[in-house]
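This report refers to the structure that appears directly beneath it.
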Amino acid sequence: MSEPDETRSVLLAAAGPGEPLAALSWRAEEPAFATRTGDLALPRTAAKPRNIVVILTDDHRYDAMGFMGTQDFVETPMLDRLAREGAWLKNAFVTTALCSPSRATIFTGLYAHQHRVVDNNHPIAPGLVFFPEYLQAAGYETAFIGKWHMGLEGDDPQPGFDRWVSFKGQGDYWPNGDGLNVDGERIAQNGYLTDVLNDFALDWLESRTREKPFMLFLAHKAVHAEFYPAPRHEGRYAGAAFRYPETMAAGVEGRPMWVENQRNSWHGVDFAYHANLDVGDYYKRYMETFLAVDEGIGRIMDHLAARGELDDTLILYMGDNGFLFGEHGLIDKRCAYEESMRVPMLARCPALFPGGTVVEQVVANLDVAPTLLGIAGLAPPAWMEGRDMLPLMQGRPVPWRDALLYEYYWERNFPQTPTVHALREDRYKYVHFHGIWDVDELYDLQDDPLESRNLIFSPGHEDVARRLNAALFDRLAATGGLQIPLPRDAGERNILRDAAGPGLAPFPDALLRLLAR
């Protein structure tokens, strides 16, 4: 006799006649996901509602901060200040290392397989609630300024925001003719985009009457490629010495074929972006491009201080995913290596937690929505998968996750990376690939933080691999994630290899058997 179905589903939307339907599933014992037709009033807690500033950057990897010392020349004085005067969540991750899925997770508190934004080409299905809608319903003034990037060209105002400033797709650092969407009206982009967005943020903060608490969500294009620093910063690090990653070498034993083959592709060090690119020079321009972001954080903090609001305002800084600069022979993100899925996350609010706090627990973009609702004095809805991080920043002992689920779904646009599911514990990480004939990965992060020795066939690790495989699928089943999303083809394809570059990787030795003749 089969087990009873433990999941339920809800139809969200159809794009039109003959178009695929979007549905979500959730565990039967939990309430359904909220939809915009329902009540947006959440139960209030005893906590005082605080002002909130969220600053989100694109592709900012976890260790690209001055105080970490990963590269000697990196300067991030305002991020260093946030760490010094607030909390550094040193083990922060995303559940999907790709712009749109990660951003959708931030706004919903759901995994990509639940909110269904699994690539950069498709928008959130109509009806799903974003956390700012709950803040609005509770009396907050809200503003979104910057990169929305869910759907190829969409920049229309979204529910939950009183003020809206955005642009189409990825946008451009310098004006491209598309301009900005300001509260539904098209205006010109006058100047370097990071500075323009910082100016809009400061103008909105200045315009407030202070009769209500506020939430500002500032989402920069920076530091997304191609990297164009502000003219005042260009060339600052040209003469600096870059330390190349130890895992950049080719031919590492136990490395999956697809990883080795990706070296000679759009996302590999041997044919990066189909060009002859040096990752050291690229990284230096990346950090030059970040300088305008860091300056803008300082301007916002100075403004709040002048109004007497700084110490009572939660400032949360984070990246939407990481970025590889040569690790494992790769660039970009998408995969489950630490440099891809790990992000910087810093928070400051002296009224709530002391400076110099270091949070060791694994937190994620999944946790942003419930945390900000808690900061606003609201009880997060039970359907959100994330958890409130404030108790961790306050040093309170609370039950926390023992492992984080990661997912990435193969894109026709970038076929070099397969569908990836991973489970990351404090010590072990298990990475499972779907749809390819290759080896999975298992790493002991305690003994091998660089993920340089794949233990998937290592004697003595069989039980660990089996346990993590079962735990991974248990979590997917519990959250409705056992079906692979299939979006329509959209966007350009980047599928070339360098004919004069490295050839295909050999088939893994562990999968070879000699047939007796």
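Chain identifiers are assigned as A, B, and so on, following the order in which chains appear in the structure tokens; residues are numbered from 1 within each chain, and ligands are numbered from 1 in order of appearance.
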
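The residue set within 7 Å of Asn261 (chain A), counting only C-alpha atoms and dropping same-chain residues fewer than 3 places from it, reads Met257, Trp258, Asn264, Leu504 and Ala505 of chain A.
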
Spatial neighbours of Phe325 (chain A), max dist 8 Å, only C-alpha atoms, sep filter under 2 positions, as a PyMOL selection string: chain A and resi 245+279-280+283+323+327+330-332

Store the residues picked out above, limited to N, CA, C and O atoms, as an mmCIF file, in the first residue's frame.
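File produced: out_6.cif:
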```cif
data_model
loop_
_atom_site.group_PDB
_atom_site.id
_atom_site.type_symbol
_atom_site.label_atom_id
_atom_site.label_comp_id
_atom_site.auth_asym_id
_atom_site.auth_seq_id
_atom_site.Cartn_x
_atom_site.Cartn_y
_atom_site.Cartn_z
ATOM 1 N N PRO A 245 43.868 31.889 -7.056
ATOM 2 C CA PRO A 245 43.399 30.821 -6.152
ATOM 3 C C PRO A 245 44.192 29.530 -6.316
ATOM 4 O O PRO A 245 44.630 29.180 -7.422
ATOM 5 N N VAL A 279 41.891 36.692 -14.872
ATOM 6 C CA VAL A 279 40.994 36.843 -13.731
ATOM 7 C C VAL A 279 41.546 37.815 -12.691
ATOM 8 O O VAL A 279 40.784 38.450 -11.960
ATOM 9 N N GLY A 280 42.864 37.965 -12.617
ATOM 10 C CA GLY A 280 43.435 38.927 -11.685
ATOM 11 C C GLY A 280 43.084 40.350 -12.056
ATOM 12 O O GLY A 280 42.638 41.148 -11.212
ATOM 13 N N TYR A 283 39.386 40.876 -11.426
ATOM 14 C CA TYR A 283 39.050 41.079 -10.020
ATOM 15 C C TYR A 283 39.360 42.507 -9.580
ATOM 16 O O TYR A 283 38.609 43.114 -8.818
ATOM 17 N N PHE A 323 30.768 34.810 -6.418
ATOM 18 C CA PHE A 323 31.383 34.881 -7.743
ATOM 19 C C PHE A 323 32.747 34.213 -7.662
ATOM 20 O O PHE A 323 33.525 34.453 -6.740
ATOM 21 N N GLU A 327 38.638 29.924 -9.056
ATOM 22 C CA GLU A 327 38.534 28.726 -8.214
ATOM 23 C C GLU A 327 37.952 27.570 -9.036
ATOM 24 O O GLU A 327 36.954 27.734 -9.738
ATOM 25 N N LEU A 330 36.985 28.037 -12.732
ATOM 26 C CA LEU A 330 35.722 28.647 -13.146
ATOM 27 C C LEU A 330 35.697 30.141 -12.861
ATOM 28 O O LEU A 330 36.447 30.658 -12.039
ATOM 29 N N ILE A 331 34.788 30.824 -13.556
ATOM 30 C CA ILE A 331 34.358 32.165 -13.187
ATOM 31 C C ILE A 331 32.843 32.133 -13.054
ATOM 32 O O ILE A 331 32.199 31.136 -13.352
ATOM 33 N N ASP A 332 32.275 33.236 -12.568
ATOM 34 C CA ASP A 332 30.822 33.361 -12.421
ATOM 35 C C ASP A 332 30.341 32.633 -11.165
ATOM 36 O O ASP A 332 31.042 32.581 -10.164
#
```

Residue nearest Lys284 (chain A) - candidates A:Glu234, A:Glu153, A:Asp489, A:Asp203, atoms counted: only C-alpha atoms: A:Glu234

Best match for closeness to Arg396 (chain A) among A:Leu40, A:Val196, A:Leu511, A:Val359, counting only C-alpha atoms: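 Looking at the shortest contact to Arg396 (chain A), the residue is A:Val359.
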
Residues of region 282-331 of chain A at most 12 Å from region 157-180 of chain A: nearest atom pair and distance in Å, only C-alpha atoms, as JSON lines:
```
{"residue": "A:Thr289", "atom": "CA", "partner": "A:Tyr173", "partner_atom": "CA", "distance": 9.7}
{"residue": "A:Phe290", "atom": "CA", "partner": "A:Tyr173", "partner_atom": "CA", "distance": 11.9}
{"residue": "A:Ala292", "atom": "CA", "partner": "A:Tyr173", "partner_atom": "CA", "distance": 11.4}
```

Which of region 160-391 of chain A DSSP labels alpha helix (DSSP H), written as a ChimeraX atom specification: /A:193-207,257-262,279-306,338-341,368-375,390-391

Gly151 (chain A) surroundings by only C-alpha atoms, 12 Å radius, close-in-sequence under 2 positions cut, as a list in words: Cys99, Ser100, Pro101, Arg103, Ala104, Val117, Val118, Asp119, Asn120, Asn121, His122, Pro123, Ile124, Ala125, Lys147, Trp148, His149, Glu153, Gly154, Asp155, Asp156, Phe167, Lys168, Gly169, Gln170, Pro487, Ala490 and Gly491 of chain A

With N, CA and C atoms kept, could you save the residues just selected as a tab-separated table (two decimals), in the first residue's frame?
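The resulting selection.tsv:
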```
chain	number	residue	atom	x	y	z
A	99	CYS	N	21.08	35.51	-9.94
A	99	CYS	CA	20.46	36.79	-9.55
A	99	CYS	C	18.98	36.69	-9.25
A	100	SER	N	18.18	36.35	-10.26
A	100	SER	CA	16.73	36.41	-10.09
A	100	SER	C	16.20	35.42	-9.07
A	101	PRO	N	16.62	34.13	-9.12
A	101	PRO	CA	16.13	33.21	-8.07
A	101	PRO	C	16.49	33.67	-6.67
A	103	ARG	N	17.03	36.76	-5.58
A	103	ARG	CA	16.23	37.94	-5.22
A	103	ARG	C	14.79	37.55	-4.90
A	104	ALA	N	14.25	36.62	-5.67
A	104	ALA	CA	12.90	36.16	-5.38
A	104	ALA	C	12.84	35.48	-4.01
A	117	VAL	N	10.87	31.04	-9.67
A	117	VAL	CA	11.80	31.85	-10.46
A	117	VAL	C	13.12	31.10	-10.46
A	118	VAL	N	13.38	30.33	-11.52
A	118	VAL	CA	14.54	29.45	-11.53
A	118	VAL	C	15.61	29.91	-12.52
A	119	ASP	N	15.39	31.05	-13.19
A	119	ASP	CA	16.41	31.60	-14.08
A	119	ASP	C	16.25	33.11	-14.10
A	120	ASN	N	17.03	33.78	-14.95
A	120	ASN	CA	16.99	35.23	-15.02
A	120	ASN	C	16.01	35.76	-16.06
A	121	ASN	N	15.22	34.88	-16.64
A	121	ASN	CA	14.37	35.27	-17.76
A	121	ASN	C	12.89	35.33	-17.46
A	122	HIS	N	12.47	34.84	-16.29
A	122	HIS	CA	11.04	34.71	-16.02
A	122	HIS	C	10.67	35.41	-14.71
A	123	PRO	N	9.54	36.11	-14.69
A	123	PRO	CA	9.13	36.84	-13.48
A	123	PRO	C	8.46	35.93	-12.46
A	124	ILE	N	8.27	36.47	-11.27
A	124	ILE	CA	7.48	35.79	-10.25
A	124	ILE	C	6.04	35.67	-10.74
A	125	ALA	N	5.45	34.51	-10.53
A	125	ALA	CA	4.06	34.32	-10.93
A	125	ALA	C	3.16	35.26	-10.14
A	147	LYS	N	17.86	47.46	-8.97
A	147	LYS	CA	17.73	46.33	-9.88
A	147	LYS	C	16.67	45.34	-9.37
A	148	TRP	N	15.59	45.19	-10.12
A	148	TRP	CA	14.56	44.20	-9.81
A	148	TRP	C	14.90	42.89	-10.50
A	149	HIS	N	15.04	42.92	-11.83
A	149	HIS	CA	15.59	41.81	-12.60
A	149	HIS	C	14.90	40.48	-12.35
A	153	GLU	N	12.76	41.97	-19.35
A	153	GLU	CA	12.67	43.41	-19.56
A	153	GLU	C	11.81	44.12	-18.52
A	154	GLY	N	11.24	43.39	-17.59
A	154	GLY	CA	10.29	44.02	-16.67
A	154	GLY	C	10.94	44.98	-15.70
A	155	ASP	N	10.38	46.16	-15.59
A	155	ASP	CA	10.78	47.10	-14.55
A	155	ASP	C	9.58	47.86	-14.01
A	156	ASP	N	8.37	47.33	-14.23
A	156	ASP	CA	7.15	47.98	-13.74
A	156	ASP	C	7.11	47.95	-12.22
A	167	PHE	N	14.93	49.70	-13.49
A	167	PHE	CA	15.37	49.75	-14.88
A	167	PHE	C	15.19	48.36	-15.48
A	168	LYS	N	15.28	48.29	-16.79
A	168	LYS	CA	15.04	47.03	-17.48
A	168	LYS	C	16.22	46.07	-17.31
A	169	GLY	N	15.90	44.80	-17.05
A	169	GLY	CA	16.90	43.75	-17.03
A	169	GLY	C	18.07	44.05	-16.12
A	170	GLN	N	19.27	43.84	-16.66
A	170	GLN	CA	20.49	44.07	-15.89
A	170	GLN	C	20.81	45.56	-15.74
A	487	PRO	N	11.23	25.82	-17.53
A	487	PRO	CA	10.79	27.08	-18.11
A	487	PRO	C	10.93	27.07	-19.62
A	490	ALA	N	14.36	31.13	-23.36
A	490	ALA	CA	14.38	32.59	-23.45
A	490	ALA	C	15.81	33.07	-23.30
A	491	GLY	N	16.13	34.18	-23.94
A	491	GLY	CA	17.44	34.78	-23.79
A	491	GLY	C	18.47	34.19	-24.74
```

Polymer residues at most 10 Å from region 418-421 of chain A, only C-alpha atoms, same-chain spacing of 3 or more positions, as a ChimeraX atom specification: /A:95-96,258-259,334-336,405-412,414-415,430-436,440,469,472-473,476,484

From A:Leu514, A:Val74, A:Ala478, A:Ala351, residue lying nearest Met393 (chain A) [only C-alpha atoms]: A:Ala351

DSSP-assigned strand (DSSP E) members of region 58-293 of chain A, reported as a list in words: Ala87, Trp88, Leu89, Ala92, Phe93, Glu141, Thr142, Ala143, Phe144, Ile145, Gly146, Arg163, Trp164, Val165, Ser166, Leu180, Asn181, Val182, Glu185, Arg186, Ile187, Phe214, Met215, Leu216, Phe217, Leu218 and Ala219 of chain A

Shell of 6 Å around Asn413 (chain A), only C-alpha atoms, local chain residues under 2 positions omitted, as a list in words: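 The filter keeps Glu411, Glu492, Arg493 and Asn494 of chain A.
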
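Pairwise distance (CA of Leu291 (chain A), CA of Tyr273 (chain A)) equals 23.9 Å.
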
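Neighbouring residues of Glu360 (chain A) at 8 Å or closer, counting only C-alpha atoms and skipping chain neighbours under 4 positions away, are Leu89, Lys90 and Asn91 of chain A.
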
Resulting file, chosen residues, C-alpha atoms, as a PDB file, in the first residue's frame:
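Output contents, as saved in part-v1.pdb:
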```
ATOM      1  CA  LEU A  89      27.164  36.908   9.728  1.00  0.00           C
ATOM      2  CA  LYS A  90      30.264  35.122   8.521  1.00  0.00           C
ATOM      3  CA  ASN A  91      28.524  31.982   7.238  1.00  0.00           C
TER       4      ASN A  91
END
```

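Take the candidates A:Phe200, A:Asp58, A:Tyr237, A:Arg232 and check each one against Phe73 (chain A) using only C-alpha atoms; the shortest distance goes to A:Tyr237.
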
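Closest approach to Leu404 (chain A) from the set A:Ala422, A:Leu515, A:Leu56, A:Leu390 is made by A:Ala422, with distances taken over only C-alpha atoms.
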
Residue with smallest distance to Lys429 (chain A) - pool A:Ala379, A:Val464, A:Val398, A:Met68, counting only C-alpha atoms: A:Val464

Close residues, Gly481 (chain A) itself excluded, 9 Å, only C-alpha atoms, min 4 positions apart in chain, as a ChimeraX atom specification: /A:25,111-114,473,475-477

d(CA of Glu425 (chain A), CA of Pro380 (chain A)) in Å: 25.2 Å
